[in-house]
$ cat entry.txt   # compact mmCIF, C-alpha atoms and all ligand atoms
# COMPACT_ATOMS: atom_id res chain seq x y z
CA MET F 1273 23.74 -2.66 9.55
CA ILE F 1274 25.45 -0.98 6.61
CA SER F 1275 27.79 -3.57 5.19
CA ARG F 1276 31.09 -3.38 3.40
CA GLU F 1277 29.24 -4.39 0.22
CA ASP F 1278 26.83 -1.48 0.59
CA ILE F 1279 29.73 0.93 0.86
CA LYS F 1280 31.42 -0.66 -2.09
CA ALA F 1281 28.21 -0.32 -4.11
CA LEU F 1282 27.79 3.31 -3.08
CA ASN F 1283 31.30 4.03 -4.23
CA THR F 1284 30.45 2.90 -7.76
CA CYS F 1285 28.09 5.89 -8.10
CA ILE F 1286 28.80 7.92 -11.24
CA GLN F 1287 26.85 10.95 -9.98
CA CYS F 1288 24.44 10.88 -12.89
CA GLY F 1289 21.60 12.30 -10.78
CA THR F 1290 19.00 9.79 -11.95
CA CYS F 1291 18.08 8.82 -8.39
CA ILE F 1292 17.42 12.40 -7.34
CA GLY F 1293 15.51 13.13 -10.53
CA SER F 1294 13.28 10.11 -9.86
CA CYS F 1295 12.42 11.05 -6.30
CA TYR F 1296 9.06 12.77 -5.88
CA SER F 1297 9.62 13.20 -2.22
CA GLY F 1298 12.86 15.01 -2.98
CA ARG F 1299 10.89 17.45 -5.13
CA PHE F 1300 9.23 18.93 -2.07
CA THR F 1301 11.68 18.25 0.69
CA ALA F 1302 15.31 18.31 1.54
CA LEU F 1303 15.44 14.57 0.88
CA ASN F 1304 18.49 13.92 -1.22
CA THR F 1305 19.02 10.24 -0.82
CA ARG F 1306 22.30 10.07 -2.61
CA LYS F 1307 23.73 12.86 -0.50
CA ILE F 1308 22.55 11.28 2.74
CA LEU F 1309 23.96 7.94 1.76
CA MET F 1310 27.24 9.31 0.43
CA LYS F 1311 27.99 11.68 3.22
CA PHE F 1312 26.96 9.60 6.14
CA ILE F 1313 27.66 6.15 4.93
CA ALA F 1314 30.15 5.89 2.14
CA LYS F 1315 32.44 8.43 3.78
CA GLY F 1316 32.06 6.68 7.11
CA LYS F 1317 30.51 9.59 8.99
CA PRO F 1318 27.85 8.72 11.55
CA ILE F 1319 24.26 9.25 10.48
CA GLU F 1320 22.83 12.40 11.96
CA GLU F 1321 19.32 12.89 13.14
CA ASN F 1322 18.06 14.41 9.98
CA ASP F 1323 14.37 14.88 9.27
CA ALA F 1324 14.80 14.26 5.59
CA ILE F 1325 15.73 10.64 6.12
CA TRP F 1326 12.10 10.09 7.24
CA PHE F 1327 10.66 11.61 4.04
CA CYS F 1328 11.44 8.61 1.80
CA THR F 1329 8.24 6.77 0.82
CA SER F 1330 10.29 3.67 -0.09
CA CYS F 1331 8.85 3.77 -3.61
CA TYR F 1332 12.03 2.14 -5.01
CA ALA F 1333 12.02 4.40 -8.10
CA CYS F 1334 15.62 5.50 -7.45
CA THR F 1335 16.79 1.94 -6.92
CA GLU F 1336 15.10 0.66 -10.08
CA ARG F 1337 16.57 3.41 -12.23
CA CYS F 1338 20.10 3.61 -10.89
CA PRO F 1339 22.41 2.61 -13.77
CA ARG F 1340 24.87 1.11 -11.27
CA ASN F 1341 22.20 -0.96 -9.56
CA ILE F 1342 22.95 0.51 -6.18
CA PRO F 1343 20.26 -0.63 -3.70
CA LEU F 1344 19.63 2.90 -2.49
CA THR F 1345 16.24 2.33 -0.84
CA ASP F 1346 17.36 -0.69 1.14
CA ILE F 1347 20.49 1.10 2.28
CA LEU F 1348 18.41 4.09 3.34
CA LEU F 1349 16.18 1.80 5.41
CA LYS F 1350 19.32 0.38 7.04
CA ALA F 1351 20.49 3.90 7.77
CA ARG F 1352 17.15 4.59 9.48
CA ARG F 1353 17.60 1.48 11.60
CA GLN F 1354 21.07 2.56 12.60
CA LEU F 1355 19.69 5.95 13.57
CA VAL F 1356 16.91 4.36 15.64
CA LYS F 1357 19.49 2.21 17.39
CA GLU F 1358 21.46 5.26 18.37
CA LYS F 1359 18.72 7.79 19.01
CA GLY F 1360 15.61 5.73 19.73
CA LEU F 1361 12.25 5.65 18.00
CA PRO F 1362 11.30 8.97 16.40
CA GLY F 1363 8.48 10.51 18.42
CA ARG F 1364 6.13 10.64 15.46
CA LEU F 1365 6.15 6.87 15.06
CA ASP F 1366 5.68 6.20 18.75
CA LYS F 1367 1.89 5.94 18.64
CA ALA F 1368 1.84 3.45 15.76
CA PHE F 1369 4.35 1.12 17.41
CA LYS F 1370 2.60 1.31 20.76
CA ALA F 1371 -0.53 0.18 18.92
CA LEU F 1372 1.38 -2.67 17.29
CA LEU F 1373 2.60 -3.84 20.69
CA LYS F 1374 -0.83 -3.61 22.28
CA THR F 1375 -3.09 -4.80 19.48
CA GLY F 1376 -0.96 -6.52 16.85
CA SER F 1377 -1.93 -3.80 14.42
CA LEU F 1378 -0.26 -0.54 13.43
CA VAL F 1379 -3.75 0.78 12.67
CA PRO F 1380 -6.07 -0.88 15.17
CA ALA F 1381 -9.86 -1.01 14.89
CA LYS F 1382 -11.95 1.16 17.14
CA ASP F 1383 -15.61 0.47 17.95
CA GLU F 1384 -16.85 2.38 14.90
CA HIS F 1385 -14.69 0.24 12.60
CA ALA F 1386 -15.85 -2.98 14.23
CA LYS F 1387 -19.41 -1.81 13.73
CA LEU F 1388 -18.84 -1.08 10.05
CA ARG F 1389 -17.52 -4.61 9.56
CA GLU F 1390 -20.61 -5.96 11.24
CA ASP F 1391 -22.86 -3.85 9.02
CA LEU F 1392 -21.11 -5.29 5.96
CA GLY F 1393 -21.59 -8.83 7.29
CA LEU F 1394 -17.95 -9.42 8.18
CA THR F 1395 -16.53 -10.98 11.34
CA LEU F 1396 -13.63 -9.74 13.48
CA TYR F 1397 -10.88 -12.30 13.16
CA THR F 1398 -7.43 -10.67 13.31
CA ALA F 1399 -4.98 -10.94 16.21
CA GLN F 1400 -6.46 -7.80 17.77
CA PHE F 1401 -9.64 -9.78 18.40
CA ARG F 1402 -8.12 -13.14 19.43
CA ASP F 1403 -6.50 -13.17 22.86
CA ASP F 1404 -4.01 -15.97 22.18
CA ALA F 1405 -2.92 -14.58 18.81
CA ARG F 1406 -2.64 -11.06 20.18
CA GLU F 1407 -0.45 -12.19 23.06
CA GLU F 1408 1.77 -14.12 20.69
CA VAL F 1409 2.23 -11.06 18.48
CA SER F 1410 2.81 -8.79 21.47
CA LYS F 1411 5.59 -11.04 22.68
CA ILE F 1412 7.34 -10.86 19.31
CA VAL F 1413 7.09 -7.05 19.26
CA GLU F 1414 8.28 -6.84 22.86
CA LYS F 1415 11.25 -9.09 22.14
CA HIS F 1416 12.57 -6.97 19.27
CA ILE F 1417 11.64 -3.39 20.09
CA GLY F 1418 10.21 -3.44 23.62
CA GLY F 1419 13.09 -1.30 24.80
CA LEU F 1420 12.36 1.36 22.18
CA ILE F 1421 8.67 1.90 22.84
CA MET K 26 -6.83 -19.66 -0.87
CA LYS K 27 -6.62 -17.67 2.34
CA PHE K 28 -7.41 -13.98 2.33
CA PHE K 29 -4.94 -11.87 4.28
CA PRO K 30 -6.69 -8.58 5.19
CA GLY K 31 -3.92 -6.54 6.83
CA CYS K 32 -4.73 -3.59 9.11
CA MET K 33 -6.10 -1.18 6.54
CA ILE K 34 -8.69 -3.49 4.99
CA HIS K 35 -9.79 -5.21 8.19
CA ASN K 36 -9.92 -2.00 10.23
CA ARG K 37 -10.59 0.88 7.82
CA TYR K 38 -11.90 -0.22 4.43
CA PRO K 39 -13.76 -3.50 5.01
CA GLY K 40 -15.86 -2.84 1.90
CA ILE K 41 -12.84 -4.11 -0.04
CA GLU K 42 -13.08 -7.44 1.78
CA ALA K 43 -16.86 -7.76 1.34
CA SER K 44 -16.44 -7.01 -2.38
CA LEU K 45 -13.64 -9.51 -2.74
CA TYR K 46 -15.69 -12.35 -1.24
CA TYR K 47 -18.56 -11.45 -3.54
CA VAL K 48 -16.33 -11.57 -6.64
CA PHE K 49 -14.61 -14.83 -5.67
CA ASP K 50 -17.91 -16.47 -4.85
CA LYS K 51 -19.22 -15.56 -8.32
CA LEU K 52 -16.00 -16.82 -9.90
CA GLY K 53 -16.33 -20.09 -7.99
CA ILE K 54 -12.92 -19.72 -6.32
CA LYS K 55 -12.82 -20.78 -2.68
CA ILE K 56 -11.44 -18.21 -0.29
CA SER K 57 -11.61 -17.78 3.48
CA PRO K 58 -10.08 -15.29 5.93
CA LEU K 59 -6.69 -15.91 7.53
CA GLU K 60 -7.79 -15.95 11.16
CA GLY K 61 -5.48 -14.75 13.91
CA SER K 62 -3.27 -12.82 11.46
CA SER K 63 -1.64 -9.56 12.55
CA CYS K 64 -0.21 -6.51 10.81
CA CYS K 65 1.76 -7.90 7.80
CA PRO K 66 3.91 -5.85 9.02
CA ALA K 67 4.11 -2.76 6.82
CA PRO K 68 7.38 -3.00 4.87
CA GLY K 69 8.73 0.56 4.81
CA VAL K 70 7.85 1.62 8.29
CA VAL K 71 8.68 -1.58 10.21
CA LYS K 72 11.89 -2.22 8.26
CA SER K 73 12.91 1.32 9.22
CA ILE K 74 12.89 0.22 12.85
CA SER K 75 13.78 -3.46 13.00
CA GLU K 76 14.30 -5.97 10.24
CA GLU K 77 14.21 -8.86 12.74
CA LEU K 78 10.76 -7.77 13.90
CA TRP K 79 9.63 -7.43 10.29
CA ILE K 80 10.64 -10.96 9.29
CA GLU K 81 9.36 -12.63 12.45
CA LEU K 82 5.89 -11.12 12.26
CA ALA K 83 5.70 -11.82 8.53
CA SER K 84 6.81 -15.42 9.05
CA ARG K 85 4.18 -15.89 11.73
CA ASN K 86 1.46 -14.68 9.35
CA LEU K 87 2.71 -16.96 6.59
CA SER K 88 2.86 -19.95 8.92
CA LEU K 89 -0.86 -19.62 9.68
CA SER K 90 -1.73 -20.88 6.21
CA ASP K 91 -0.94 -23.99 4.23
CA GLU K 92 -2.81 -22.61 1.24
CA ASP K 93 -1.74 -19.76 -1.08
CA ILE K 94 -2.35 -16.33 0.40
CA LEU K 95 -4.25 -13.59 -1.40
CA THR K 96 -3.89 -9.91 -0.51
CA ALA K 97 -5.59 -6.77 -1.81
CA CYS K 98 -2.96 -4.39 -0.40
CA ASN K 99 0.36 -3.41 -2.01
CA GLY K 100 2.13 -3.23 1.34
CA CYS K 101 0.98 -6.66 2.52
CA PHE K 102 1.83 -8.04 -0.93
CA THR K 103 5.38 -6.66 -0.74
CA THR K 104 6.02 -7.89 2.80
CA LEU K 105 4.51 -11.35 2.51
CA LEU K 106 5.99 -12.05 -0.93
CA GLU K 107 9.48 -11.05 0.13
CA ALA K 108 9.31 -12.85 3.47
CA SER K 109 7.94 -15.96 1.81
CA SER K 110 10.82 -16.10 -0.64
CA LYS K 111 13.21 -15.88 2.33
CA ILE K 112 11.63 -18.68 4.34
CA ASN K 113 10.33 -20.74 1.46
CA GLY K 114 6.72 -20.19 2.49
CA VAL K 115 3.40 -20.42 0.65
CA ASP K 116 2.74 -18.49 -2.55
CA VAL K 117 1.51 -14.91 -2.11
CA ARG K 118 -0.70 -13.18 -4.68
CA HIS K 119 -2.18 -9.71 -5.11
CA VAL K 120 -5.79 -9.75 -6.22
CA ALA K 121 -5.15 -7.43 -9.19
CA GLU K 122 -2.40 -9.53 -10.73
CA PHE K 123 -4.30 -12.71 -9.80
CA LEU K 124 -7.39 -11.53 -11.67
CA TYR K 125 -5.29 -10.46 -14.64
CA ARG K 126 -3.03 -13.49 -14.85
CA GLU K 127 -5.20 -16.36 -13.56
CA VAL K 128 -8.77 -15.33 -14.34
CA GLY K 129 -8.05 -13.25 -17.42
CA ILE K 130 -9.62 -10.21 -19.06
CA GLU K 131 -11.92 -12.23 -21.35
CA GLU K 132 -13.38 -14.21 -18.47
CA ILE K 133 -13.93 -11.04 -16.44
CA LYS K 134 -15.77 -9.45 -19.38
CA LYS K 135 -18.07 -12.48 -19.51
CA ARG K 136 -18.90 -12.15 -15.81
CA VAL K 137 -19.92 -8.49 -15.98
CA VAL K 138 -23.69 -8.07 -15.65
CA LYS K 139 -23.60 -4.28 -15.50
CA LYS K 140 -21.05 -2.22 -17.38
CA LEU K 141 -19.80 0.87 -15.59
CA PRO K 142 -19.24 3.60 -18.18
CA ILE K 143 -17.31 6.01 -15.97
CA ARG K 144 -14.06 7.91 -16.52
CA VAL K 145 -11.37 6.93 -14.06
CA ALA K 146 -7.79 7.77 -13.16
CA VAL K 147 -6.00 4.53 -12.27
CA HIS K 148 -3.29 4.61 -9.63
CA TYR K 149 -1.19 1.45 -9.28
CA GLY K 150 0.76 2.39 -6.16
CA CYS K 151 4.54 2.01 -6.05
CA HIS K 152 4.61 -1.27 -4.17
CA PHE K 153 2.36 -3.10 -6.59
CA PHE K 154 5.07 -3.24 -9.25
CA ARG K 155 8.29 -2.35 -7.42
CA PRO K 156 10.68 -3.84 -6.55
CA SER K 157 9.93 -5.20 -10.02
CA LYS K 158 12.15 -8.27 -9.81
CA SER K 159 10.15 -10.03 -7.11
CA LYS K 160 6.85 -8.86 -8.59
CA GLY K 161 7.63 -9.92 -12.14
CA MET K 162 6.20 -6.69 -13.52
CA ASP K 163 7.13 -3.75 -15.70
CA SER K 164 8.99 -1.35 -13.41
CA GLU K 165 7.97 1.79 -15.30
CA LYS K 166 4.58 1.53 -16.97
CA PRO K 167 2.42 -1.45 -16.10
CA ILE K 168 -0.88 -1.83 -18.01
CA MET K 169 -2.73 -4.47 -15.97
CA LEU K 170 -5.01 -2.13 -14.09
CA ASP K 171 -5.89 -0.13 -17.20
CA GLU K 172 -7.03 -3.34 -18.89
CA LEU K 173 -8.90 -4.54 -15.81
CA VAL K 174 -10.77 -1.25 -15.62
CA GLU K 175 -11.68 -1.33 -19.31
CA ALA K 176 -12.94 -4.91 -18.93
CA ILE K 177 -15.83 -3.56 -16.84
CA GLY K 178 -16.70 -0.82 -19.31
CA ALA K 179 -14.89 2.10 -17.66
CA GLU K 180 -12.45 4.37 -19.41
CA SER K 181 -8.91 4.63 -18.04
CA VAL K 182 -8.03 8.26 -18.74
CA SER K 183 -4.38 9.04 -19.16
CA TYR K 184 -3.20 11.83 -16.89
CA ARG K 185 -0.03 13.60 -15.88
CA HIS K 186 1.89 12.05 -12.98
CA LYS K 187 0.04 8.75 -13.38
CA PHE K 188 2.96 6.79 -11.96
CA VAL K 189 3.84 9.20 -9.18
CA CYS K 190 3.57 7.89 -5.62
CA CYS K 191 0.42 8.81 -3.63
CA GLY K 192 2.75 10.11 -0.93
CA GLY K 193 1.61 7.83 1.86
CA GLY K 194 4.18 4.99 1.84
CA GLY K 195 7.30 4.23 3.81
CA GLY K 196 5.90 5.64 7.02
CA VAL K 197 5.76 9.14 5.50
CA ARG K 198 2.03 9.51 6.15
CA ALA K 199 2.61 8.69 9.83
CA ALA K 200 5.97 10.38 10.28
CA ALA K 201 5.65 13.43 8.02
CA THR K 202 2.02 14.09 7.05
CA GLU K 203 2.90 17.46 5.48
CA VAL K 204 5.26 15.81 3.02
CA ALA K 205 2.69 13.13 2.21
CA ASN K 206 0.17 15.84 1.43
CA ASP K 207 2.60 17.85 -0.71
CA ILE K 208 2.96 14.84 -2.98
CA LEU K 209 -0.80 14.22 -2.91
CA ASN K 210 -1.40 17.86 -3.85
CA LEU K 211 0.66 17.44 -7.02
CA LYS K 212 -1.09 14.20 -7.86
CA MET K 213 -4.57 15.65 -7.24
CA ASP K 214 -3.90 18.70 -9.44
CA ALA K 215 -3.19 16.32 -12.30
CA ILE K 216 -6.17 14.06 -11.57
CA SER K 217 -8.46 17.03 -11.27
CA ALA K 218 -7.35 18.32 -14.68
CA ALA K 219 -8.27 14.94 -16.20
CA GLU K 220 -11.92 15.36 -15.14
CA VAL K 221 -12.62 11.85 -13.94
CA ASP K 222 -15.45 10.35 -11.91
CA ALA K 223 -13.15 8.42 -9.61
CA ILE K 224 -9.61 7.34 -8.76
CA VAL K 225 -9.19 3.58 -8.96
CA VAL K 226 -6.60 2.06 -6.65
CA ILE K 227 -5.56 -1.48 -5.72
CA CYS K 228 -4.23 -0.73 -2.25
CA PRO K 229 -6.08 0.40 0.90
CA LEU K 230 -3.13 2.56 1.92
CA CYS K 231 -3.26 4.52 -1.31
CA LEU K 232 -7.06 4.61 -0.86
CA HIS K 233 -6.62 6.04 2.63
CA GLN K 234 -4.09 8.59 1.40
CA PHE K 235 -6.46 9.81 -1.36
CA ASP K 236 -9.56 9.56 0.83
CA VAL K 237 -8.35 11.16 4.06
CA GLY K 238 -5.63 13.27 2.43
CA GLN K 239 -8.21 15.11 0.29
CA ILE K 240 -10.12 16.06 3.44
CA GLU K 241 -6.90 17.39 4.98
CA LEU K 242 -6.02 19.31 1.82
CA ARG K 243 -9.45 20.92 1.96
CA GLU K 244 -9.27 21.81 5.63
CA GLN K 245 -5.65 22.91 5.72
CA ARG K 246 -5.05 24.36 2.28
CA GLY K 247 -8.51 25.16 0.93
CA GLU K 248 -8.01 22.75 -1.99
CA ASP K 249 -11.35 21.17 -2.84
CA TYR K 250 -10.89 18.33 -5.31
CA ASP K 251 -13.75 16.05 -4.32
CA VAL K 252 -12.72 13.05 -6.43
CA PRO K 253 -13.73 9.76 -4.75
CA ALA K 254 -11.21 6.93 -4.58
CA ILE K 255 -12.30 3.30 -4.84
CA HIS K 256 -10.51 -0.05 -4.86
CA TYR K 257 -10.80 -1.95 -8.15
CA ILE K 258 -12.35 -4.98 -6.44
CA GLN K 259 -15.23 -2.80 -5.21
CA LEU K 260 -15.92 -1.65 -8.78
CA LEU K 261 -15.64 -5.18 -10.11
CA ALA K 262 -18.08 -6.47 -7.48
CA ILE K 263 -20.59 -3.79 -8.50
CA ALA K 264 -20.10 -4.68 -12.17
CA MET K 265 -20.73 -8.32 -11.28
CA GLY K 266 -24.01 -7.46 -9.57
CA MET K 267 -23.29 -6.42 -5.99
CA ASP K 268 -25.40 -3.62 -4.48
CA VAL K 269 -23.46 -0.36 -4.42
CA ASP K 270 -24.47 -0.05 -0.75
CA LYS K 271 -22.73 -3.28 0.15
CA SER K 272 -19.45 -2.30 -1.52
CA GLY K 273 -18.66 0.08 1.34
CA LEU K 274 -18.13 3.04 -1.01
CA VAL K 275 -20.65 5.21 0.81
CA HIS K 276 -18.53 4.92 3.97
CA HIS K 277 -15.46 6.48 2.33
CA ASN K 278 -14.70 10.08 3.32
CA VAL K 279 -14.90 11.45 -0.21
CA VAL K 280 -17.87 10.22 -2.19
CA THR K 281 -20.04 12.04 -4.73
CA ALA K 282 -23.72 11.56 -5.48
CA GLU K 283 -22.89 11.55 -9.21
CA LEU K 284 -20.55 8.60 -8.87
CA VAL K 285 -22.97 6.60 -6.73
CA GLU K 286 -25.76 7.33 -9.23
CA LYS K 287 -23.62 6.26 -12.20
CA LEU K 288 -22.63 3.05 -10.43
CA ILE K 289 -26.23 2.24 -9.52
CA GLN K 290 -27.42 2.89 -13.06
CA GLY K 291 -24.59 1.37 -15.06
CA GLU K 292 -25.43 -0.20 -18.37
CA ILE K 293 -27.30 -3.45 -17.88
CA MET K 294 -26.03 -6.23 -20.16
CA GLU K 295 -28.48 -8.31 -22.18
S1 LIG F 1501 21.31 6.92 -9.94
FE1 LIG F 1501 22.90 5.62 -9.04
S2 LIG F 1501 24.77 6.18 -10.16
FE2 LIG F 1501 23.27 7.82 -10.59
S3 LIG F 1501 23.72 9.38 -9.00
FE3 LIG F 1501 22.12 8.04 -8.17
S4 LIG F 1501 23.27 6.49 -6.98
FE4 LIG F 1501 24.74 7.48 -8.35
S1 LIG F 1502 12.71 5.15 -2.63
FE1 LIG F 1502 12.79 7.00 -1.33
S2 LIG F 1502 14.65 8.08 -1.97
FE2 LIG F 1502 14.15 6.59 -3.60
S3 LIG F 1502 12.93 7.71 -5.10
FE3 LIG F 1502 11.49 6.74 -3.67
S4 LIG F 1502 11.10 8.29 -2.06
FE4 LIG F 1502 12.96 8.94 -3.17

$ encode --input "entry.txt" --output "structure tokens" --more "lines below"
Ligand code: SF4
Ligand code: SF4
Amino acid sequence: MISREDIKALNTCIQCGTCIGSCYSGRFTALNTRKILMKFIAKGKPIEENDAIWFCTSCYACTERCPRNIPLTDILLKARRQLVKEKGLPGRLDKAFKALLKTGSLVPAKDEHAKLREDLGLTLYTAQFRDDAREEVSKIVEKHIGGLI
Amino acid sequence: MKFFPGCMIHNRYPGIEASLYYVFDKLGIKISPLEGSSCCPAPGVVKSISEELWIELASRNLSLSDEDILTACNGCFTTLLEASSKINGVDVRHVAEFLYREVGIEEIKKRVVKKLPIRVAVHYGCHFFRPSKSKGMDSEKPIMLDELVEAIGAESVSYRHKFVCCGGGGGVRAAATEVANDILNLKMDAISAAEVDAIVVICPLCLHQFDVGQIELREQRGEDYDVPAIHYIQLLAIAMGMDVDKSGLVHHNVVTAELVEKLIQGEIME
């Protein structure tokens, strides 16, 4: 969760605009990380379901360039977690996390992919293809986010 | 070393894995797959949902190996490196920085049996060098990949927006495909203007974004770029003597006859 330190860090912002200028996602979308973080976090307002918060590619360019060393990307990821806690998993990520629960992979292999591996002389050895490993992974996913999926 | 494939290499671009084994065999470095491993899990998207889930799955993957772990994916590299520093686990390397730092450019040059005189646009991918502190790399303009590409006789062409994100990371490809493709559109305009034979990446997620994203840009926006993307290890394997067929390139979505021809021909070394 957003900590007192995060808020303290956010409050050292000198509004230089470097973060926004570095953000390629912000060039095309309403993503304005500093604004999201300031409004909803530093000022203590609850985070709203806001599409733009899902447009960050977590490239860390803003964080690396911020002259006050504010960990913007990590705080934004925390803000997403807080949002998920309140509002649940966003529908568009539902499929990927269902796959993780079922197969141990966010992007599972289908038959055609298994066949391609075979053609290239490779075996199938990840958790998706090992019953014991897959069950172990499923249990971990279930434990942490089973209620969300 | 143990090779950690992650979802994208194991399940979508296995040519990267076949190429990597070929290269390491030629270099005489022992490597075997990390069996029973799961999704790394992907740093941006899983940390957006649950940090506890992220660290527990990553720790499980790390605990499967008592040898150093090698990845060929920027996302797996980021997750496993960060998790390992938290739990004091085994060392985690990315194949590009491993080749550069441990094998070295001179040694790679010596191992090339067929130079590949093609023009390429290199794309590092954000998570290869950032966060820069844990990666020990230049946070703005790394040069490793440019040098690696030139070591096999290719030309790394400078182009606008070279260090811009591919658009696929952080769950954006899954959660907001339109936004991912807007960023890709900008990137592809610049790459197209540079007139290259291929885009060279070091991450299967970037590869997927360039490879599948270009098809979507064509179908949805009528933008026909047709510039194949390839992982550096696939190119290196070909330069070290692997059949182009076995590199998996022909199974990518975007692939041109010209590129395949140039890679088959190459420039045989004496
Ligand atoms: S770069 Fe840092 S200091 Fe500058 S506006 Fe952004 S958060 Fe504030
Ligand atoms: S980490 Fe997110 S908010 Fe920061 S520059 Fe990258 S895309 Fe923009």

$ residues_near_ligand --input "entry.txt" --ligand "ligand LIG 1501 (chain F)" --cutoff "12 Å" --atoms "only C-alpha atoms and all ligand atoms" --output "JSON list (two decimals) with C-alpha atoms, keeping the file's coordinate frame"
[["chain", "number", "residue", "atom", "x", "y", "z"],
["F", 1278, "ASP", "CA", 26.83, -1.48, 0.59],
["F", 1279, "ILE", "CA", 29.73, 0.93, 0.86],
["F", 1280, "LYS", "CA", 31.42, -0.66, -2.09],
["F", 1281, "ALA", "CA", 28.21, -0.32, -4.11],
["F", 1282, "LEU", "CA", 27.79, 3.31, -3.08],
["F", 1283, "ASN", "CA", 31.30, 4.03, -4.23],
["F", 1284, "THR", "CA", 30.45, 2.90, -7.76],
["F", 1285, "CYS", "CA", 28.09, 5.89, -8.10],
["F", 1286, "ILE", "CA", 28.80, 7.92, -11.24],
["F", 1287, "GLN", "CA", 26.85, 10.95, -9.98],
["F", 1288, "CYS", "CA", 24.44, 10.88, -12.89],
["F", 1289, "GLY", "CA", 21.60, 12.30, -10.78],
["F", 1290, "THR", "CA", 19.00, 9.79, -11.95],
["F", 1291, "CYS", "CA", 18.08, 8.82, -8.39],
["F", 1292, "ILE", "CA", 17.42, 12.40, -7.34],
["F", 1293, "GLY", "CA", 15.51, 13.13, -10.53],
["F", 1294, "SER", "CA", 13.28, 10.11, -9.86],
["F", 1295, "CYS", "CA", 12.42, 11.05, -6.30],
["F", 1304, "ASN", "CA", 18.49, 13.92, -1.22],
["F", 1305, "THR", "CA", 19.02, 10.24, -0.82],
["F", 1306, "ARG", "CA", 22.30, 10.07, -2.61],
["F", 1307, "LYS", "CA", 23.73, 12.86, -0.50],
["F", 1308, "ILE", "CA", 22.55, 11.28, 2.74],
["F", 1309, "LEU", "CA", 23.96, 7.94, 1.76],
["F", 1310, "MET", "CA", 27.24, 9.31, 0.43],
["F", 1314, "ALA", "CA", 30.15, 5.89, 2.14],
["F", 1332, "TYR", "CA", 12.03, 2.14, -5.01],
["F", 1333, "ALA", "CA", 12.02, 4.40, -8.10],
["F", 1334, "CYS", "CA", 15.62, 5.50, -7.45],
["F", 1335, "THR", "CA", 16.79, 1.94, -6.92],
["F", 1336, "GLU", "CA", 15.10, 0.66, -10.08],
["F", 1337, "ARG", "CA", 16.57, 3.41, -12.23],
["F", 1338, "CYS", "CA", 20.10, 3.61, -10.89],
["F", 1339, "PRO", "CA", 22.41, 2.61, -13.77],
["F", 1340, "ARG", "CA", 24.87, 1.11, -11.27],
["F", 1341, "ASN", "CA", 22.20, -0.96, -9.56],
["F", 1342, "ILE", "CA", 22.95, 0.51, -6.18],
["F", 1343, "PRO", "CA", 20.26, -0.63, -3.70],
["F", 1344, "LEU", "CA", 19.63, 2.90, -2.49],
["F", 1345, "THR", "CA", 16.24, 2.33, -0.84],
["F", 1347, "ILE", "CA", 20.49, 1.10, 2.28],
["F", 1348, "LEU", "CA", 18.41, 4.09, 3.34]]

$ interface_residues --input "entry.txt" --of "chain F" --to "chain K" --cutoff "8 Å" --atoms "only C-alpha atoms" --output "count of residues only"
51

$ residues_around --input "entry.txt" --residues "region 122-124 of chain K" --least-positions-apart "4" --cutoff "12 Å" --atoms "all atoms listed in the file" --output "CSV table (one decimal) with C-alpha atoms, keeping the file's coordinate frame"
chain,number,residue,atom,x,y,z
K,26,MET,CA,-6.8,-19.7,-0.9
K,45,LEU,CA,-13.6,-9.5,-2.7
K,48,VAL,CA,-16.3,-11.6,-6.6
K,49,PHE,CA,-14.6,-14.8,-5.7
K,52,LEU,CA,-16.0,-16.8,-9.9
K,54,ILE,CA,-12.9,-19.7,-6.3
K,93,ASP,CA,-1.7,-19.8,-1.1
K,94,ILE,CA,-2.4,-16.3,0.4
K,95,LEU,CA,-4.2,-13.6,-1.4
K,96,THR,CA,-3.9,-9.9,-0.5
K,97,ALA,CA,-5.6,-6.8,-1.8
K,98,CYS,CA,-3.0,-4.4,-0.4
K,99,ASN,CA,0.4,-3.4,-2.0
K,102,PHE,CA,1.8,-8.0,-0.9
K,116,ASP,CA,2.7,-18.5,-2.6
K,117,VAL,CA,1.5,-14.9,-2.1
K,118,ARG,CA,-0.7,-13.2,-4.7
K,128,VAL,CA,-8.8,-15.3,-14.3
K,129,GLY,CA,-8.0,-13.2,-17.4
K,130,ILE,CA,-9.6,-10.2,-19.1
K,131,GLU,CA,-11.9,-12.2,-21.4
K,132,GLU,CA,-13.4,-14.2,-18.5
K,133,ILE,CA,-13.9,-11.0,-16.4
K,134,LYS,CA,-15.8,-9.4,-19.4
K,149,TYR,CA,-1.2,1.4,-9.3
K,153,PHE,CA,2.4,-3.1,-6.6
K,154,PHE,CA,5.1,-3.2,-9.2
K,160,LYS,CA,6.8,-8.9,-8.6
K,161,GLY,CA,7.6,-9.9,-12.1
K,162,MET,CA,6.2,-6.7,-13.5
K,167,PRO,CA,2.4,-1.4,-16.1
K,168,ILE,CA,-0.9,-1.8,-18.0
K,169,MET,CA,-2.7,-4.5,-16.0
K,170,LEU,CA,-5.0,-2.1,-14.1
K,171,ASP,CA,-5.9,-0.1,-17.2
K,172,GLU,CA,-7.0,-3.3,-18.9
K,173,LEU,CA,-8.9,-4.5,-15.8
K,174,VAL,CA,-10.8,-1.2,-15.6
K,176,ALA,CA,-12.9,-4.9,-18.9
K,227,ILE,CA,-5.6,-1.5,-5.7
K,257,TYR,CA,-10.8,-2.0,-8.2
K,258,ILE,CA,-12.4,-5.0,-6.4
K,261,LEU,CA,-15.6,-5.2,-10.1

$ closest_residue --input "entry.txt" --among "F:Leu1420, F:Asp1323, F:Arg1276, F:Asp1346" --to "ligand LIG 1502 (chain F)" --atoms "all atoms listed in the file"
F:Asp1346
